[in-house]
Amino acid sequence: MRLGLYVRNMGPQSAPDTVVACARAVEEVGLDHLWVGDHIAIPPDDAEGSNGRYLDPLATLAFLAGCTSRVQLGLGVLVLPYRPPLPTAKWIATIQELSRGRLLFGVGSGWMKPEFRAVGVDYTRRGKITDATLEFLQRCFTDDVVEENGQPFLFRPRPPRPPILVGGAPEYAFPRIVRFGDGWMPFGVEVDDLAPQIAELRRQMRAAGKPDPEIVAVTRLDLDDPPAASARANAFAAAGATALVHGWRYTGYDDFRVGADAMAALDIAR
């Protein structure tokens with residue numbers, strides 16, 4: 001099972017030197033991937049922990065691609081309805097190209113109504129917009145010449161499409177994964193509930209003639225208790241998770257480095 005950490009692209013921990021140091025630490029300790037989140041318009045009454053400071057996740061990963069060389073770079077997750085499809089596709093292709101194929105493309109339809117109001121997008125259409133964007137992205141990564149709005153255009157560079165990992169509850173995420181994706185990114189799912197959900201997704205993927213999905217589970221581990229953290233990680237692996245991502249609120253680089261070292265020292269099969 002592969003292991004990753006969230007690097008906070010929000011709050012005081014998103015200062016440039018701290019973000020770079022944390023990303024390099026993930027690489028140095030031998031973890032497999034790092035992840036950033038997506039908020040672009042936090043309302044004042046929901047800014048605890050970040051004070052509304054958020055780095056754009058696409059720009060952050062483009063920046064970190066040049067500061068690292070091995071670790072995979074994950075969007076966990078990009079809220080597709082916030083952004084127009086063509087510029088989003090160009091961002092994704094550019095990061096994939098400049099990182100030499102290290103991007104992990106987590107996607108979601110979003111949940112925070114105030115952000116939808118701020119960007120002027122109908123919250124009730126977020127699922128349809130997500131599917132339309134994914135369909136467009138698939139076309140962009142299939143052929144150099146793409147047509148949109150009646151206009152053919154060249155989509156270059158066109159590196160290999162990054163893996164698409166869909167976040168969300170099974171009833172919404174699974175049909176989207178079968179149509180467009182390569183795996184599921186469940187957040188906060190209890191490990192006891194995960195095995196039957198994974199079994200059902202595998203069944204649906206096989207029925208569609210697709211490979212078994214990647215399962216990138218996002219949770220919190222008690223890294224202060226290594227045996228308990230290792231046992232929990234191994235339970236996720238036994239349930240069918242192919243990767244585990246730990247996210248927590250760290251105070252700065254030193255705190256992050258302690259967590260990265262503890263994560264890399266977990267007693268699990270990798």
# chains A, B, ... in the order shown; residues from 1 in each chain; ligands from 1
call {"tool": "residues_around", "arguments": {"residues": "stretch 195-208 of chain A", "least_positions_apart": "4", "cutoff": "8 Å", "atoms": "only C-alpha atoms", "output": "PyMOL selection string"}}
result
chain A and resi 170+174+178+191+212-213+215+239-240
call {"tool": "write_last_selection", "arguments": {"atoms": "all heavy atoms", "output": "PDB file, in the first residue's frame"}}
result
ATOM      1  N   PRO A 170     -20.543   6.812  -2.459  1.00  0.00           N
ATOM      2  CA  PRO A 170     -20.637   5.804  -3.515  1.00  0.00           C
ATOM      3  C   PRO A 170     -21.756   6.032  -4.514  1.00  0.00           C
ATOM      4  O   PRO A 170     -21.570   5.824  -5.718  1.00  0.00           O
ATOM      5  CB  PRO A 170     -20.841   4.498  -2.733  1.00  0.00           C
ATOM      6  CG  PRO A 170     -20.154   4.728  -1.431  1.00  0.00           C
ATOM      7  CD  PRO A 170     -20.404   6.179  -1.121  1.00  0.00           C
ATOM      8  N   PHE A 174     -19.510   6.347  -7.728  1.00  0.00           N
ATOM      9  CA  PHE A 174     -19.277   5.123  -8.478  1.00  0.00           C
ATOM     10  C   PHE A 174     -19.692   5.233  -9.946  1.00  0.00           C
ATOM     11  O   PHE A 174     -18.915   4.821 -10.829  1.00  0.00           O
ATOM     12  CB  PHE A 174     -19.973   3.942  -7.794  1.00  0.00           C
ATOM     13  CG  PHE A 174     -19.310   3.485  -6.511  1.00  0.00           C
ATOM     14  CD1 PHE A 174     -18.238   4.180  -5.975  1.00  0.00           C
ATOM     15  CD2 PHE A 174     -19.753   2.354  -5.839  1.00  0.00           C
ATOM     16  CE1 PHE A 174     -17.615   3.761  -4.789  1.00  0.00           C
ATOM     17  CE2 PHE A 174     -19.144   1.930  -4.664  1.00  0.00           C
ATOM     18  CZ  PHE A 174     -18.087   2.643  -4.144  1.00  0.00           C
ATOM     19  N   VAL A 178     -16.955   4.743 -13.042  1.00  0.00           N
ATOM     20  CA  VAL A 178     -17.136   3.771 -14.127  1.00  0.00           C
ATOM     21  C   VAL A 178     -17.084   4.462 -15.481  1.00  0.00           C
ATOM     22  O   VAL A 178     -16.497   3.945 -16.440  1.00  0.00           O
ATOM     23  CB  VAL A 178     -18.463   3.014 -13.935  1.00  0.00           C
ATOM     24  CG1 VAL A 178     -18.770   2.143 -15.155  1.00  0.00           C
ATOM     25  CG2 VAL A 178     -18.408   2.143 -12.668  1.00  0.00           C
ATOM     26  N   VAL A 191     -13.286   2.079   8.328  1.00  0.00           N
ATOM     27  CA  VAL A 191     -12.642   0.950   7.662  1.00  0.00           C
ATOM     28  C   VAL A 191     -13.581  -0.248   7.566  1.00  0.00           C
ATOM     29  O   VAL A 191     -13.547  -1.002   6.573  1.00  0.00           O
ATOM     30  CB  VAL A 191     -11.321   0.596   8.369  1.00  0.00           C
ATOM     31  CG1 VAL A 191     -11.577   0.065   9.778  1.00  0.00           C
ATOM     32  CG2 VAL A 191     -10.495  -0.387   7.549  1.00  0.00           C
ATOM     33  N   ASP A 212      -9.598  -3.142 -12.100  1.00  0.00           N
ATOM     34  CA  ASP A 212      -9.965  -2.857 -10.719  1.00  0.00           C
ATOM     35  C   ASP A 212      -9.525  -1.443 -10.354  1.00  0.00           C
ATOM     36  O   ASP A 212      -8.451  -0.990 -10.745  1.00  0.00           O
ATOM     37  CB  ASP A 212      -9.306  -3.854  -9.774  1.00  0.00           C
ATOM     38  CG  ASP A 212     -10.014  -5.199  -9.777  1.00  0.00           C
ATOM     39  OD1 ASP A 212     -11.122  -5.301 -10.342  1.00  0.00           O
ATOM     40  OD2 ASP A 212      -9.454  -6.152  -9.201  1.00  0.00           O
ATOM     41  N   PRO A 213     -10.330  -0.744  -9.589  1.00  0.00           N
ATOM     42  CA  PRO A 213     -10.022   0.656  -9.286  1.00  0.00           C
ATOM     43  C   PRO A 213      -8.934   0.813  -8.242  1.00  0.00           C
ATOM     44  O   PRO A 213      -8.747  -0.046  -7.374  1.00  0.00           O
ATOM     45  CB  PRO A 213     -11.351   1.184  -8.744  1.00  0.00           C
ATOM     46  CG  PRO A 213     -11.974  -0.020  -8.104  1.00  0.00           C
ATOM     47  CD  PRO A 213     -11.599  -1.183  -8.988  1.00  0.00           C
ATOM     48  N   ILE A 215      -7.943   2.663  -4.880  1.00  0.00           N
ATOM     49  CA  ILE A 215      -8.706   3.161  -3.741  1.00  0.00           C
ATOM     50  C   ILE A 215      -7.746   3.949  -2.857  1.00  0.00           C
ATOM     51  O   ILE A 215      -6.902   3.374  -2.166  1.00  0.00           O
ATOM     52  CB  ILE A 215      -9.352   2.024  -2.931  1.00  0.00           C
ATOM     53  CG1 ILE A 215     -10.168   1.096  -3.832  1.00  0.00           C
ATOM     54  CG2 ILE A 215     -10.190   2.612  -1.801  1.00  0.00           C
ATOM     55  CD1 ILE A 215     -11.385   1.729  -4.460  1.00  0.00           C
ATOM     56  N   ALA A 239      -8.959  -4.113   3.788  1.00  0.00           N
ATOM     57  CA  ALA A 239     -10.284  -3.806   3.238  1.00  0.00           C
ATOM     58  C   ALA A 239     -10.237  -3.547   1.741  1.00  0.00           C
ATOM     59  O   ALA A 239     -11.290  -3.514   1.094  1.00  0.00           O
ATOM     60  CB  ALA A 239     -10.874  -2.597   3.948  1.00  0.00           C
ATOM     61  N   GLY A 240      -9.032  -3.347   1.192  1.00  0.00           N
ATOM     62  CA  GLY A 240      -8.905  -3.156  -0.243  1.00  0.00           C
ATOM     63  C   GLY A 240      -8.331  -1.829  -0.676  1.00  0.00           C
ATOM     64  O   GLY A 240      -8.201  -1.566  -1.881  1.00  0.00           O
TER      65      GLY A 240
END
call {"tool": "select_by_dssp", "arguments": {"residues": "stretch 44-145 of chain A", "states": "strand (DSSP E or B)", "output": "PyMOL selection string"}}
result
chain A and resi 54+72-79+103-108+145
call {"tool": "closest_residue", "arguments": {"among": "A:Val107, A:Val258, A:Leu5, A:Ile42", "to": "A:Glu27", "atoms": "only C-alpha atoms"}}
result
A:Leu5
call {"tool": "residues_around", "arguments": {"residues": "A:Gly74", "least_positions_apart": "2", "cutoff": "6 Å", "atoms": "only C-alpha atoms", "output": "count of residues only"}}
result
5
call {"tool": "select_by_dssp", "arguments": {"residues": "stretch 134-237 of chain A", "states": "alpha helix (DSSP H)", "output": "VMD selection string"}}
result
chain A and resid 134 to 140 170 to 180 191 to 207 226 to 237
call {"tool": "residues_around", "arguments": {"residues": "A:Ile95", "least_positions_apart": "5", "cutoff": "8 Å", "atoms": "only C-alpha atoms", "output": "ChimeraX atom specification"}}
result
/A:58,61-62,65,103
call {"tool": "write_last_selection", "arguments": {"atoms": "N, CA, C and O atoms", "output": "PDB file, in the first residue's frame"}}
result
ATOM      1  N   LEU A  58      -3.886  24.136  -8.162  1.00  0.00           N
ATOM      2  CA  LEU A  58      -3.206  23.885  -9.431  1.00  0.00           C
ATOM      3  C   LEU A  58      -1.885  24.636  -9.494  1.00  0.00           C
ATOM      4  O   LEU A  58      -0.845  24.075  -9.871  1.00  0.00           O
ATOM      5  N   LEU A  61       0.676  22.917  -7.088  1.00  0.00           N
ATOM      6  CA  LEU A  61       1.312  21.701  -7.587  1.00  0.00           C
ATOM      7  C   LEU A  61       2.259  21.996  -8.746  1.00  0.00           C
ATOM      8  O   LEU A  61       3.292  21.326  -8.888  1.00  0.00           O
ATOM      9  N   ALA A  62       1.921  22.976  -9.570  1.00  0.00           N
ATOM     10  CA  ALA A  62       2.860  23.363 -10.628  1.00  0.00           C
ATOM     11  C   ALA A  62       4.165  23.854 -10.010  1.00  0.00           C
ATOM     12  O   ALA A  62       5.267  23.532 -10.493  1.00  0.00           O
ATOM     13  N   ALA A  65       6.060  20.907  -8.436  1.00  0.00           N
ATOM     14  CA  ALA A  65       6.648  20.020  -9.442  1.00  0.00           C
ATOM     15  C   ALA A  65       8.096  20.394  -9.707  1.00  0.00           C
ATOM     16  O   ALA A  65       8.938  19.521  -9.988  1.00  0.00           O
ATOM     17  N   LEU A 103       1.374  13.549 -11.741  1.00  0.00           N
ATOM     18  CA  LEU A 103       0.121  14.087 -11.216  1.00  0.00           C
ATOM     19  C   LEU A 103      -0.884  12.985 -10.916  1.00  0.00           C
ATOM     20  O   LEU A 103      -1.048  12.030 -11.685  1.00  0.00           O
TER      21      LEU A 103
END
call {"tool": "residues_around", "arguments": {"residues": "A:Phe136", "least_positions_apart": "4", "cutoff": "7 Å", "atoms": "only C-alpha atoms", "output": "mmCIF file with N, CA and C atoms, in the first residue's frame"}}
result
data_model
loop_
_atom_site.group_PDB
_atom_site.id
_atom_site.type_symbol
_atom_site.label_atom_id
_atom_site.label_comp_id
_atom_site.auth_asym_id
_atom_site.auth_seq_id
_atom_site.Cartn_x
_atom_site.Cartn_y
_atom_site.Cartn_z
ATOM 1 N N PRO A 85 -13.920 24.373 -18.190
ATOM 2 C CA PRO A 85 -13.260 23.120 -18.583
ATOM 3 C C PRO A 85 -11.945 23.285 -19.343
ATOM 4 N N ALA A 132 -19.789 16.859 -17.291
ATOM 5 C CA ALA A 132 -19.471 17.493 -18.565
ATOM 6 C C ALA A 132 -17.990 17.850 -18.640
ATOM 7 N N CYS A 140 -9.854 15.759 -24.497
ATOM 8 C CA CYS A 140 -8.587 16.482 -24.626
ATOM 9 C C CYS A 140 -7.392 15.544 -24.561
#
call {"tool": "residues_around", "arguments": {"residues": "A:Leu266", "least_positions_apart": "3", "cutoff": "7 Å", "atoms": "only C-alpha atoms", "output": "mmCIF file with N, CA and C atoms, in the first residue's frame"}}
result
data_model
loop_
_atom_site.group_PDB
_atom_site.id
_atom_site.type_symbol
_atom_site.label_atom_id
_atom_site.label_comp_id
_atom_site.auth_asym_id
_atom_site.auth_seq_id
_atom_site.Cartn_x
_atom_site.Cartn_y
_atom_site.Cartn_z
ATOM 1 N N PRO A 226 2.504 4.578 17.237
ATOM 2 C CA PRO A 226 2.864 3.841 16.021
ATOM 3 C C PRO A 226 2.204 2.481 15.883
ATOM 4 N N SER A 230 -0.152 1.784 12.717
ATOM 5 C CA SER A 230 0.170 0.707 11.787
ATOM 6 C C SER A 230 -0.991 -0.266 11.653
ATOM 7 N N ALA A 262 7.154 9.721 11.072
ATOM 8 C CA ALA A 262 6.324 8.687 11.695
ATOM 9 C C ALA A 262 5.533 7.920 10.645
ATOM 10 N N MET A 263 5.044 8.634 9.642
ATOM 11 C CA MET A 263 4.289 7.966 8.573
ATOM 12 C C MET A 263 5.180 6.992 7.822
#
call {"tool": "atom_distance", "arguments": {"atom1": "atom CA of A:Leu78", "atom2": "atom CA of A:Arg257"}}
result
25.5 Å
call {"tool": "closest_residue", "arguments": {"among": "A:Val121, A:Ala265, A:Ile164, A:Ala93", "to": "A:Gly106", "atoms": "only C-alpha atoms"}}
result
A:Ile164
call {"tool": "closest_residue", "arguments": {"among": "A:Ala47, A:Leu137, A:Leu165, A:Ala229", "to": "A:Thr88", "atoms": "only C-alpha atoms"}}
result
A:Leu137
call {"tool": "atom_distance", "arguments": {"atom1": "atom CA of A:Ala233", "atom2": "atom CA of A:Leu221"}}
result
7.8 Å
call {"tool": "closest_residue", "arguments": {"among": "A:Leu3, A:Gln72, A:Gly120, A:Lys90", "to": "A:Thr242", "atoms": "only C-alpha atoms"}}
result
A:Leu3
call {"tool": "atom_distance", "arguments": {"atom1": "atom CA of A:Thr18", "atom2": "atom CA of A:Phe256"}}
result
9.5 Å
call {"tool": "decode", "arguments": {"residues": "stretch 187-237 of chain A", "atoms": "C-alpha atoms", "output": "PDB file, in the first residue's frame"}}
result
ATOM      1  CA  PHE A 187     -12.866  10.728   2.784  1.00  0.00           C
ATOM      2  CA  GLY A 188     -13.495   9.760   6.382  1.00  0.00           C
ATOM      3  CA  VAL A 189     -14.963   6.339   5.611  1.00  0.00           C
ATOM      4  CA  GLU A 190     -14.860   3.880   8.491  1.00  0.00           C
ATOM      5  CA  VAL A 191     -12.642   0.950   7.662  1.00  0.00           C
ATOM      6  CA  ASP A 192     -15.374  -1.582   8.519  1.00  0.00           C
ATOM      7  CA  ASP A 193     -17.635  -0.037   5.871  1.00  0.00           C
ATOM      8  CA  LEU A 194     -14.980   0.095   3.172  1.00  0.00           C
ATOM      9  CA  ALA A 195     -14.632  -3.561   2.111  1.00  0.00           C
ATOM     10  CA  PRO A 196     -18.204  -4.051   0.814  1.00  0.00           C
ATOM     11  CA  GLN A 197     -18.091  -0.674  -0.927  1.00  0.00           C
ATOM     12  CA  ILE A 198     -14.844  -1.568  -2.676  1.00  0.00           C
ATOM     13  CA  ALA A 199     -16.251  -4.942  -3.670  1.00  0.00           C
ATOM     14  CA  GLU A 200     -19.252  -3.248  -5.262  1.00  0.00           C
ATOM     15  CA  LEU A 201     -17.090  -0.750  -7.144  1.00  0.00           C
ATOM     16  CA  ARG A 202     -14.874  -3.557  -8.436  1.00  0.00           C
ATOM     17  CA  ARG A 203     -17.973  -5.389  -9.628  1.00  0.00           C
ATOM     18  CA  GLN A 204     -19.190  -2.340 -11.501  1.00  0.00           C
ATOM     19  CA  MET A 205     -15.779  -1.661 -13.047  1.00  0.00           C
ATOM     20  CA  ARG A 206     -15.375  -5.241 -14.236  1.00  0.00           C
ATOM     21  CA  ALA A 207     -18.877  -5.218 -15.707  1.00  0.00           C
ATOM     22  CA  ALA A 208     -17.812  -2.163 -17.710  1.00  0.00           C
ATOM     23  CA  GLY A 209     -14.642  -3.916 -18.895  1.00  0.00           C
ATOM     24  CA  LYS A 210     -12.365  -1.703 -16.816  1.00  0.00           C
ATOM     25  CA  PRO A 211      -9.502  -2.657 -14.454  1.00  0.00           C
ATOM     26  CA  ASP A 212      -9.965  -2.857 -10.719  1.00  0.00           C
ATOM     27  CA  PRO A 213     -10.022   0.656  -9.286  1.00  0.00           C
ATOM     28  CA  GLU A 214      -7.385   2.371  -7.231  1.00  0.00           C
ATOM     29  CA  ILE A 215      -8.706   3.161  -3.741  1.00  0.00           C
ATOM     30  CA  VAL A 216      -6.990   6.148  -2.131  1.00  0.00           C
ATOM     31  CA  ALA A 217      -8.475   6.400   1.360  1.00  0.00           C
ATOM     32  CA  VAL A 218      -8.170   9.688   3.240  1.00  0.00           C
ATOM     33  CA  THR A 219      -8.155   9.390   7.020  1.00  0.00           C
ATOM     34  CA  ARG A 220      -6.316  10.438  10.146  1.00  0.00           C
ATOM     35  CA  LEU A 221      -3.872   8.194  11.928  1.00  0.00           C
ATOM     36  CA  ASP A 222      -2.667   8.523  15.503  1.00  0.00           C
ATOM     37  CA  LEU A 223       0.987   8.893  14.609  1.00  0.00           C
ATOM     38  CA  ASP A 224       1.855   9.385  18.285  1.00  0.00           C
ATOM     39  CA  ASP A 225       0.927   5.708  18.742  1.00  0.00           C
ATOM     40  CA  PRO A 226       2.864   3.841  16.021  1.00  0.00           C
ATOM     41  CA  PRO A 227       1.427   0.356  16.735  1.00  0.00           C
ATOM     42  CA  ALA A 228      -2.143   1.700  16.600  1.00  0.00           C
ATOM     43  CA  ALA A 229      -1.413   3.720  13.474  1.00  0.00           C
ATOM     44  CA  SER A 230       0.170   0.707  11.787  1.00  0.00           C
ATOM     45  CA  ALA A 231      -2.761  -1.511  12.741  1.00  0.00           C
ATOM     46  CA  ARG A 232      -5.241   1.008  11.334  1.00  0.00           C
ATOM     47  CA  ALA A 233      -3.268   1.368   8.104  1.00  0.00           C
ATOM     48  CA  ASN A 234      -3.086  -2.401   7.706  1.00  0.00           C
ATOM     49  CA  ALA A 235      -6.852  -2.636   8.301  1.00  0.00           C
ATOM     50  CA  PHE A 236      -7.415  -0.238   5.392  1.00  0.00           C
ATOM     51  CA  ALA A 237      -5.131  -2.362   3.225  1.00  0.00           C
TER      52      ALA A 237
END
